[in-house]
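As stored in query.txt (compact mmCIF, C-alpha atoms):
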# COMPACT_ATOMS: atom_id res chain seq x y z
CA MET A 1 0.79 1.49 -20.04
CA LEU A 2 -2.72 2.25 -18.73
CA ASN A 3 -4.15 3.87 -21.86
CA ASN A 4 -7.23 2.02 -23.14
CA LYS A 5 -6.90 -0.54 -20.33
CA THR A 6 -9.50 -1.69 -17.79
CA ILE A 7 -8.31 -1.53 -14.19
CA LEU A 8 -10.08 -2.89 -11.11
CA ILE A 9 -9.21 -1.76 -7.59
CA THR A 10 -10.39 -3.87 -4.66
CA GLY A 11 -11.11 -1.69 -1.64
CA GLY A 12 -11.04 1.22 -4.07
CA THR A 13 -12.99 3.75 -1.98
CA GLY A 14 -10.08 4.20 0.44
CA SER A 15 -7.36 6.85 0.42
CA PHE A 16 -5.27 4.96 -2.13
CA GLY A 17 -8.21 4.48 -4.51
CA HIS A 18 -9.04 8.19 -4.56
CA HIS A 19 -5.45 9.20 -5.28
CA PHE A 20 -5.01 6.46 -7.86
CA VAL A 21 -8.09 7.69 -9.74
CA ASP A 22 -6.85 11.31 -9.57
CA TYR A 23 -3.40 10.36 -10.86
CA VAL A 24 -4.52 8.01 -13.62
CA PHE A 25 -7.11 10.38 -15.06
CA ALA A 26 -4.52 13.17 -15.00
CA HIS A 27 -1.84 11.16 -16.83
CA TYR A 28 -3.57 8.39 -18.81
CA LYS A 29 -6.73 7.61 -20.74
CA PRO A 30 -7.98 4.32 -19.34
CA LYS A 31 -10.83 2.44 -20.96
CA LYS A 32 -12.41 1.85 -17.56
CA ILE A 33 -11.61 1.95 -13.84
CA ILE A 34 -13.74 -0.31 -11.67
CA ILE A 35 -14.06 0.36 -7.94
CA TYR A 36 -14.81 -2.91 -6.16
CA SER A 37 -15.77 -2.53 -2.50
CA ARG A 38 -18.47 -3.39 0.00
CA ASP A 39 -19.47 0.04 1.40
CA GLU A 40 -22.32 1.55 -0.64
CA PHE A 41 -22.11 4.94 1.12
CA LYS A 42 -18.41 5.37 0.30
CA GLN A 43 -19.13 4.39 -3.30
CA PHE A 44 -21.99 6.93 -3.44
CA HIS A 45 -19.67 9.64 -2.12
CA MET A 46 -16.94 8.69 -4.61
CA GLN A 47 -19.40 8.70 -7.51
CA ASN A 48 -20.42 12.25 -6.62
CA THR A 49 -16.79 13.32 -6.32
CA TYR A 50 -15.88 12.04 -9.80
CA ARG A 51 -19.04 12.76 -11.80
CA GLU A 52 -16.95 14.11 -14.69
CA TYR A 53 -15.57 10.59 -15.21
CA GLU A 54 -18.87 8.71 -14.89
CA LYS A 55 -18.53 7.16 -18.37
CA VAL A 56 -15.28 5.38 -17.47
CA LEU A 57 -15.47 5.06 -13.66
CA ARG A 58 -17.66 2.14 -12.61
CA PHE A 59 -18.67 0.82 -9.20
CA PHE A 60 -19.21 -2.77 -8.10
CA ILE A 61 -20.59 -3.62 -4.68
CA GLY A 62 -18.75 -6.75 -3.62
CA ASP A 63 -16.45 -8.35 -1.07
CA VAL A 64 -13.14 -10.11 -1.73
CA ARG A 65 -14.54 -12.93 0.39
CA ASP A 66 -17.12 -13.57 -2.38
CA LYS A 67 -15.35 -15.41 -5.21
CA GLU A 68 -18.37 -15.52 -7.53
CA ARG A 69 -18.92 -11.77 -7.27
CA LEU A 70 -15.21 -11.22 -7.93
CA ARG A 71 -15.41 -13.43 -11.01
CA ARG A 72 -18.28 -11.34 -12.37
CA ALA A 73 -16.50 -8.05 -11.67
CA LEU A 74 -13.23 -9.20 -13.27
CA GLN A 75 -14.63 -9.99 -16.69
CA GLY A 76 -12.62 -8.05 -19.28
CA VAL A 77 -10.22 -6.57 -16.72
CA ASP A 78 -6.56 -6.06 -17.73
CA PHE A 79 -4.98 -5.01 -14.41
CA VAL A 80 -5.98 -5.50 -10.77
CA ILE A 81 -4.76 -3.52 -7.77
CA HIS A 82 -5.59 -5.36 -4.57
CA ALA A 83 -6.00 -2.76 -1.82
CA ALA A 84 -8.85 -4.37 0.17
CA ALA A 85 -7.87 -5.43 3.69
CA LEU A 86 -8.73 -5.15 7.34
CA LYS A 87 -5.91 -2.82 8.42
CA GLN A 88 -6.55 -1.62 11.98
CA VAL A 89 -4.21 -3.51 14.32
CA PRO A 90 -6.55 -3.53 17.39
CA THR A 91 -9.52 -4.55 15.23
CA CYS A 92 -7.61 -7.49 13.78
CA GLU A 93 -6.42 -8.54 17.24
CA TYR A 94 -9.98 -8.59 18.57
CA ASN A 95 -11.49 -10.13 15.42
CA PRO A 96 -8.78 -12.53 14.22
CA ILE A 97 -11.03 -14.84 12.20
CA GLU A 98 -12.51 -11.89 10.32
CA ALA A 99 -9.01 -10.61 9.51
CA ILE A 100 -8.07 -14.03 8.17
CA LYS A 101 -11.24 -14.20 6.05
CA THR A 102 -10.50 -10.88 4.38
CA ASN A 103 -6.71 -10.64 4.31
CA ILE A 104 -5.85 -14.28 3.58
CA ASN A 105 -8.95 -15.96 2.15
CA GLY A 106 -9.74 -12.80 0.21
CA ALA A 107 -6.23 -12.83 -1.27
CA CYS A 108 -6.76 -16.44 -2.36
CA ASN A 109 -10.03 -15.47 -4.05
CA VAL A 110 -8.39 -12.58 -5.92
CA ILE A 111 -5.56 -14.86 -7.09
CA ASP A 112 -7.86 -17.68 -8.21
CA THR A 113 -10.27 -15.46 -10.13
CA CYS A 114 -7.50 -13.44 -11.80
CA LEU A 115 -5.92 -16.68 -12.99
CA ASP A 116 -9.25 -18.05 -14.17
CA VAL A 117 -10.37 -15.01 -16.19
CA GLY A 118 -6.93 -14.13 -17.59
CA VAL A 119 -6.10 -10.81 -15.94
CA LYS A 120 -2.72 -9.62 -17.28
CA LYS A 121 -1.14 -8.20 -14.11
CA VAL A 122 -1.99 -7.93 -10.41
CA VAL A 123 -0.32 -5.69 -7.84
CA ALA A 124 -1.15 -6.29 -4.18
CA LEU A 125 -0.58 -3.56 -1.60
CA SER A 126 1.37 -4.64 1.46
CA THR A 127 2.81 -3.07 4.60
CA ASP A 128 5.97 -2.87 6.67
CA LYS A 129 4.04 -4.79 9.33
CA SER A 130 4.30 -7.94 7.19
CA VAL A 131 8.09 -8.02 7.87
CA SER A 132 8.83 -10.04 11.03
CA PRO A 133 5.22 -9.47 12.10
CA ALA A 134 4.47 -8.54 15.69
CA ASN A 135 0.67 -8.58 15.41
CA LEU A 136 -2.11 -10.47 13.65
CA TYR A 137 -2.59 -7.84 10.95
CA GLY A 138 1.08 -8.09 9.99
CA SER A 139 0.91 -11.87 10.08
CA THR A 140 -2.06 -11.99 7.70
CA LYS A 141 -0.30 -9.62 5.31
CA MET A 142 2.86 -11.73 5.43
CA VAL A 143 0.79 -14.74 4.35
CA SER A 144 -0.92 -12.63 1.68
CA ASP A 145 2.46 -11.49 0.30
CA LYS A 146 3.62 -15.11 0.10
CA LEU A 147 0.42 -16.11 -1.68
CA PHE A 148 0.77 -13.43 -4.35
CA ALA A 149 4.42 -14.29 -5.00
CA ALA A 150 3.73 -18.02 -5.19
CA ALA A 151 0.74 -17.47 -7.51
CA ASN A 152 3.18 -16.91 -10.37
CA ALA A 153 4.05 -20.61 -10.24
CA TYR A 154 0.52 -21.38 -11.44
CA SER A 155 0.21 -18.79 -14.20
CA GLY A 156 2.97 -19.96 -16.55
CA GLU A 157 5.17 -17.77 -18.72
CA ASP A 158 2.27 -16.10 -20.56
CA GLY A 159 -0.31 -16.03 -17.76
CA THR A 160 -1.16 -13.55 -15.03
CA LYS A 161 1.81 -11.79 -13.41
CA PHE A 162 1.51 -11.10 -9.68
CA ALA A 163 3.64 -8.60 -7.72
CA VAL A 164 3.58 -6.88 -4.33
CA VAL A 165 4.18 -3.25 -3.36
CA ARG A 166 5.27 -2.65 0.24
CA TYR A 167 5.37 0.65 2.08
CA GLY A 168 5.06 1.96 5.60
CA ASN A 169 2.52 4.40 7.01
CA VAL A 170 1.07 6.54 4.24
CA ALA A 171 1.11 10.18 5.30
CA GLY A 172 -2.43 11.43 5.77
CA SER A 173 -4.19 8.12 5.17
CA ARG A 174 -6.93 6.97 7.51
CA GLY A 175 -5.43 5.37 10.61
CA SER A 176 -2.03 7.03 10.31
CA VAL A 177 -0.56 9.18 13.08
CA ILE A 178 -1.00 12.47 11.19
CA PRO A 179 -4.85 12.53 11.20
CA PHE A 180 -4.73 11.30 14.82
CA PHE A 181 -2.59 14.27 15.85
CA GLN A 182 -4.65 16.64 13.70
CA ASP A 183 -7.90 15.61 15.41
CA ILE A 184 -6.35 16.43 18.79
CA ILE A 185 -5.19 19.83 17.51
CA ASN A 186 -8.58 20.59 15.90
CA ASN A 187 -10.28 19.87 19.23
CA GLY A 188 -8.05 22.36 21.02
CA GLY A 189 -5.62 19.86 22.52
CA LYS A 190 -2.24 21.14 23.68
CA GLU A 191 -0.57 17.76 24.16
CA LEU A 192 0.28 15.12 21.55
CA PRO A 193 0.85 11.68 23.12
CA ILE A 194 3.92 9.71 22.04
CA THR A 195 4.08 5.97 22.64
CA ASP A 196 7.90 5.98 22.76
CA TYR A 197 10.26 8.93 22.27
CA ARG A 198 12.62 6.74 20.20
CA MET A 199 9.95 5.80 17.66
CA THR A 200 10.62 6.39 13.95
CA ARG A 201 8.56 5.94 10.81
CA PHE A 202 8.96 6.15 7.06
CA TRP A 203 7.22 8.96 5.19
CA ILE A 204 5.51 8.17 1.90
CA SER A 205 2.83 10.32 0.31
CA LEU A 206 -0.20 8.82 -1.38
CA GLU A 207 1.07 10.10 -4.73
CA GLU A 208 4.41 8.33 -4.21
CA GLY A 209 2.49 5.18 -3.33
CA VAL A 210 0.46 5.43 -6.53
CA LYS A 211 3.60 5.94 -8.64
CA LEU A 212 5.21 2.87 -7.07
CA VAL A 213 2.16 0.77 -7.96
CA ILE A 214 2.20 1.98 -11.55
CA ASN A 215 5.94 1.27 -11.72
CA ALA A 216 5.24 -2.27 -10.50
CA LEU A 217 2.55 -2.70 -13.16
CA GLU A 218 5.00 -1.57 -15.83
CA GLN A 219 8.08 -3.53 -14.73
CA SER A 220 6.85 -6.65 -12.97
CA ARG A 221 7.81 -10.00 -14.45
CA GLY A 222 6.13 -11.93 -11.66
CA GLY A 223 6.86 -12.45 -7.96
CA GLU A 224 8.69 -9.22 -7.05
CA THR A 225 8.14 -7.04 -4.00
CA PHE A 226 8.69 -3.34 -4.81
CA ILE A 227 9.75 -0.95 -2.00
CA SER A 228 10.23 2.81 -2.41
CA LYS A 229 13.27 4.66 -1.11
CA ILE A 230 11.70 7.19 1.22
CA PRO A 231 12.84 9.37 4.16
CA SER A 232 12.41 8.60 7.85
CA PHE A 233 11.21 10.91 10.61
CA LYS A 234 11.07 10.86 14.38
CA VAL A 235 7.52 10.81 15.71
CA THR A 236 8.54 13.47 18.25
CA ASP A 237 9.64 15.72 15.35
CA LEU A 238 6.28 15.17 13.64
CA ALA A 239 4.49 16.28 16.81
CA GLN A 240 6.60 19.45 17.04
CA ALA A 241 6.06 20.15 13.33
CA MET A 242 2.28 19.93 13.73
CA LEU A 243 2.01 21.73 17.10
CA PRO A 244 5.24 23.62 17.86
CA GLY A 245 6.12 23.72 21.55
CA CYS A 246 3.52 21.14 22.52
CA GLN A 247 3.86 18.81 25.47
CA MET A 248 4.53 15.19 24.44
CA PRO A 249 3.61 12.78 27.25
CA GLU A 250 5.16 9.34 26.72
CA ILE A 251 2.36 6.79 27.12
CA GLY A 252 4.16 3.53 26.40
CA ILE A 253 4.37 1.37 23.32
CA ARG A 254 1.17 -0.52 22.52
CA GLU A 255 0.84 -4.26 22.01
CA GLY A 256 1.86 -5.23 18.48
CA GLU A 257 3.47 -1.83 17.80
CA LYS A 258 7.06 -1.62 16.60
CA LEU A 259 9.68 0.95 17.57
CA HIS A 260 10.95 1.17 13.99
CA GLU A 261 9.57 0.09 10.64
CA VAL A 262 11.45 -2.51 8.61
CA MET A 263 10.71 -3.01 4.91
CA VAL A 264 13.68 -5.19 3.91
CA SER A 265 14.85 -7.72 6.50
CA ALA A 266 18.31 -9.25 6.78
CA GLU A 267 16.77 -12.55 5.69
CA ASP A 268 15.54 -10.92 2.46
CA SER A 269 18.88 -9.28 1.68
CA GLY A 270 20.18 -12.30 -0.20
CA HIS A 271 17.71 -11.69 -3.03
CA THR A 272 17.19 -7.92 -2.82
CA TYR A 273 18.40 -5.46 -5.47
CA GLU A 274 18.79 -1.71 -5.13
CA TYR A 275 17.65 0.64 -7.92
CA GLU A 276 17.78 4.41 -8.18
CA LYS A 277 14.43 5.06 -6.50
CA HIS A 278 13.42 1.72 -5.03
CA TYR A 279 14.39 -1.76 -3.89
CA ILE A 280 13.07 -5.02 -5.31
CA ILE A 281 12.95 -8.26 -3.35
CA TYR A 282 12.96 -11.08 -5.87
CA PRO A 283 11.30 -14.47 -5.30
CA ASN A 284 13.29 -17.28 -3.74
CA TYR A 285 11.53 -20.24 -5.36
CA ASN A 286 12.74 -23.01 -7.63
CA TRP A 287 10.31 -21.94 -10.39
CA TRP A 288 11.94 -18.50 -10.62
CA ASN A 289 15.22 -17.77 -12.36
CA SER A 290 17.65 -14.84 -12.47
CA ASP A 291 16.83 -14.09 -16.11
CA LYS A 292 13.81 -12.21 -14.75
CA ILE A 293 15.87 -9.70 -12.77
CA ILE A 294 15.05 -6.20 -14.00
CA PRO A 295 18.16 -4.46 -15.41
CA GLY A 296 19.70 -1.43 -13.69
CA GLY A 297 19.94 -2.71 -10.13
CA ALA A 298 22.74 -3.90 -7.85
CA LYS A 299 22.50 -6.61 -5.22
CA VAL A 300 22.54 -5.27 -1.66
CA GLU A 301 25.15 -6.34 0.87
CA PRO A 302 24.48 -9.56 2.84
CA GLY A 303 22.61 -8.73 6.05
CA PHE A 304 21.29 -5.41 4.67
CA ILE A 305 18.25 -4.07 6.55
CA TYR A 306 16.04 -1.23 5.34
CA SER A 307 14.72 0.22 8.59
CA SER A 308 13.24 3.59 9.50
CA GLY A 309 15.63 3.64 12.48
CA THR A 310 18.83 3.23 10.42
CA ASN A 311 17.76 4.99 7.23
CA THR A 312 20.27 7.33 5.57
CA GLU A 313 17.64 9.96 4.68
CA TRP A 314 15.90 11.90 7.46
CA MET A 315 13.34 14.71 7.53
CA SER A 316 13.84 17.72 9.77
CA ILE A 317 10.96 19.48 11.54
CA GLY A 318 11.00 22.17 8.85
CA GLU A 319 10.91 19.57 6.07
CA ILE A 320 8.00 17.79 7.76
CA GLN A 321 6.11 21.08 7.95
CA ALA A 322 6.77 21.75 4.27
CA ARG A 323 5.53 18.28 3.27
CA LEU A 324 2.43 18.64 5.43
CA LYS A 325 1.65 21.96 3.76
CA GLU A 326 2.28 20.49 0.31
CA ASP A 327 0.06 17.47 0.92
CA HIS A 328 -2.69 19.65 2.42
CA GLY A 329 -2.64 21.85 -0.69
CA LYS A 330 -3.10 18.82 -2.94
CA HIS A 331 -6.10 17.63 -0.92
CA GLU A 332 -7.98 20.94 -0.92

Representation of the structure as structure tokens:
Amino acid sequence: MLNNKTILITGGTGSFGHHFVDYVFAHYKPKKIIIYSRDEFKQFHMQNTYREYEKVLRFFIGDVRDKERLRRALQGVDFVIHAAALKQVPTCEYNPIEAIKTNINGACNVIDTCLDVGVKKVVALSTDKSVSPANLYGSTKMVSDKLFAAANAYSGEDGTKFAVVRYGNVAGSRGSVIPFFQDIINNGGKELPITDYRMTRFWISLEEGVKLVINALEQSRGGETFISKIPSFKVTDLAQAMLPGCQMPEIGIREGEKLHEVMVSAEDSGHTYEYEKHYIIYPNYNWWNSDKIIPGGAKVEPGFIYSSGTNTEWMSIGEIQARLKEDHGKHE
């Protein structure tokens, strides 16, 4: 699928971009991977990390807000993975216009330029926070998801295919609870604060996230939202796995924070199909038809909700510790 293809990743210096590059170079022989981002220092660091791939790994300084720069970077590109976004909930709340410029206007720029230059497929990364959003970040990503799905109406049968990949907190990524707890532990802390003892989250590794994106690139026919089947964990169990016996003061849920993650809502259940390792939410537009449903799935029950609080697969403290050790070994 990716052999001899040119792939561009917006926001490619982040956690996802690093793991995508690792995975693709280990399993495929791409013609070129282009990292498109606005932070020159992160690009410099990434260049030094991947010097062995310098002939096929290229770097473009640019912002998704800049349509002309995007157009230049996308010349000759086969596939685009749109990972650029303002993601920190408090930052987006305090800087709402900036979040809109990047997460919504930037999505429009990616869509327009991909259509104009003839990119074959685009996969946009989304988040559980886009489902029934409770904060501005989630709201901007909900709009972004809608934009990428609707973009297929403008591309025609043989034009660019747009799809979305949605997952919850990525274990170990910047901004997730694991590095937050680890910083406290590294600084000698004996307490790990919990916003609410009932809180649950999904667990997805960066490698699983990368595989889901590649699956979407391979299977997408335009307009789908792909969601991995992944286990849930209690945040209190995560704290005990990372610092056994620690005190866990309950500090109260923060504004815009959810008790449980939801990745398929009851409203989406009417056009959601279950597959062996993932769910797909299909578009609900008059330009889309059921002939595009990917074989091998079964429609979920009406009112189905895929929530971290009601998930059927749960991780124990021991399983969390094993996964933390496994992920740490991969990152060394």

Point to revise | Selection: 12 Å around Glu93 of chain A, all atoms listed in the file, excl. self and same-chain fewer than 5 positions, as a PyMOL selection string | key: chain A and resi 86-88+98-100+134-140+255-257

Practice item. Do a neighbour search on Gly309 of chain A at 9 Å with all atoms listed in the file, toss out local chain neighbours closer than 3 positions, and write the hits as a PyMOL selection string. Key: chain A and resi 198-202+232-234+259-262+306

Practice item. Counting all atoms listed in the file, select every polymer residue within 10 Å of (11.8, -6.8, 7.1) as defined in the file's coordinates, and provide the selection as JSON, numbers by chain. Key: {"A": [128, 129, 130, 131, 132, 133, 261, 262, 263, 264, 265, 266, 267, 268, 269, 304, 305, 306, 307]}

**Study point:** Selection near segment 180-188 of chain A, 8 Å with all atoms listed in the file, sequence-local residues under 6 positions removed, as a PyMOL selection string
**Key:** chain A and resi 239+242-243

Review point. What lies within 10 Å of Glu319 of chain A using all atoms listed in the file, ignoring chain neighbours under 5 positions off, as number ranges by chain?
Key: A: 233, 238, 241, 314, 324-325

Review point. Closest to Tyr154 of chain A among A:Gly222, A:Gly296, A:Pro90, A:Gly168, using only C-alpha atoms?
Key: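 Looking at the shortest contact to Tyr154 of chain A, the residue is A:Gly222.
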
Exercise for review: May I have the residues within 8 Å of Asn109 of chain A as a list in words, using all atoms listed in the file and disregarding those fewer than 5 positions away in the same chain?
Suggested key: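 Non-adjacent residues within range: Val64, Arg65, Asp66, Lys67 and Leu70 of chain A.
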
Put those residues in a file: C-alpha atoms, as a PDB file, keeping the file's coordinate frame.
ATOM      1  CA  VAL A  64     -13.140 -10.110  -1.730  1.00  0.00           C
ATOM      2  CA  ARG A  65     -14.540 -12.930   0.390  1.00  0.00           C
ATOM      3  CA  ASP A  66     -17.120 -13.570  -2.380  1.00  0.00           C
ATOM      4  CA  LYS A  67     -15.350 -15.410  -5.210  1.00  0.00           C
ATOM      5  CA  LEU A  70     -15.210 -11.220  -7.930  1.00  0.00           C
TER       6      LEU A  70
END

Point to revise | Residue nearest Ala26 of chain A among A:Leu2, A:Val123, A:Cys92, A:Ile280 (counting all atoms listed in the file) | key: A:Leu2

Check your understanding: From the set A:Leu74, A:Tyr285, A:Glu274, A:Pro231, which residue has the shortest atom-to-atom contact distance to Thr312 of chain A, counting all atoms listed in the file?
Key ->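 Using all atoms listed in the file, the shortest distance to Thr312 of chain A belongs to A:Pro231.
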
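Counting only C-alpha atoms and comparing A:Glu326, A:Val164, A:Pro249, A:Gln321, the residue that lies closest to Ile214 of chain A is A:Val164.
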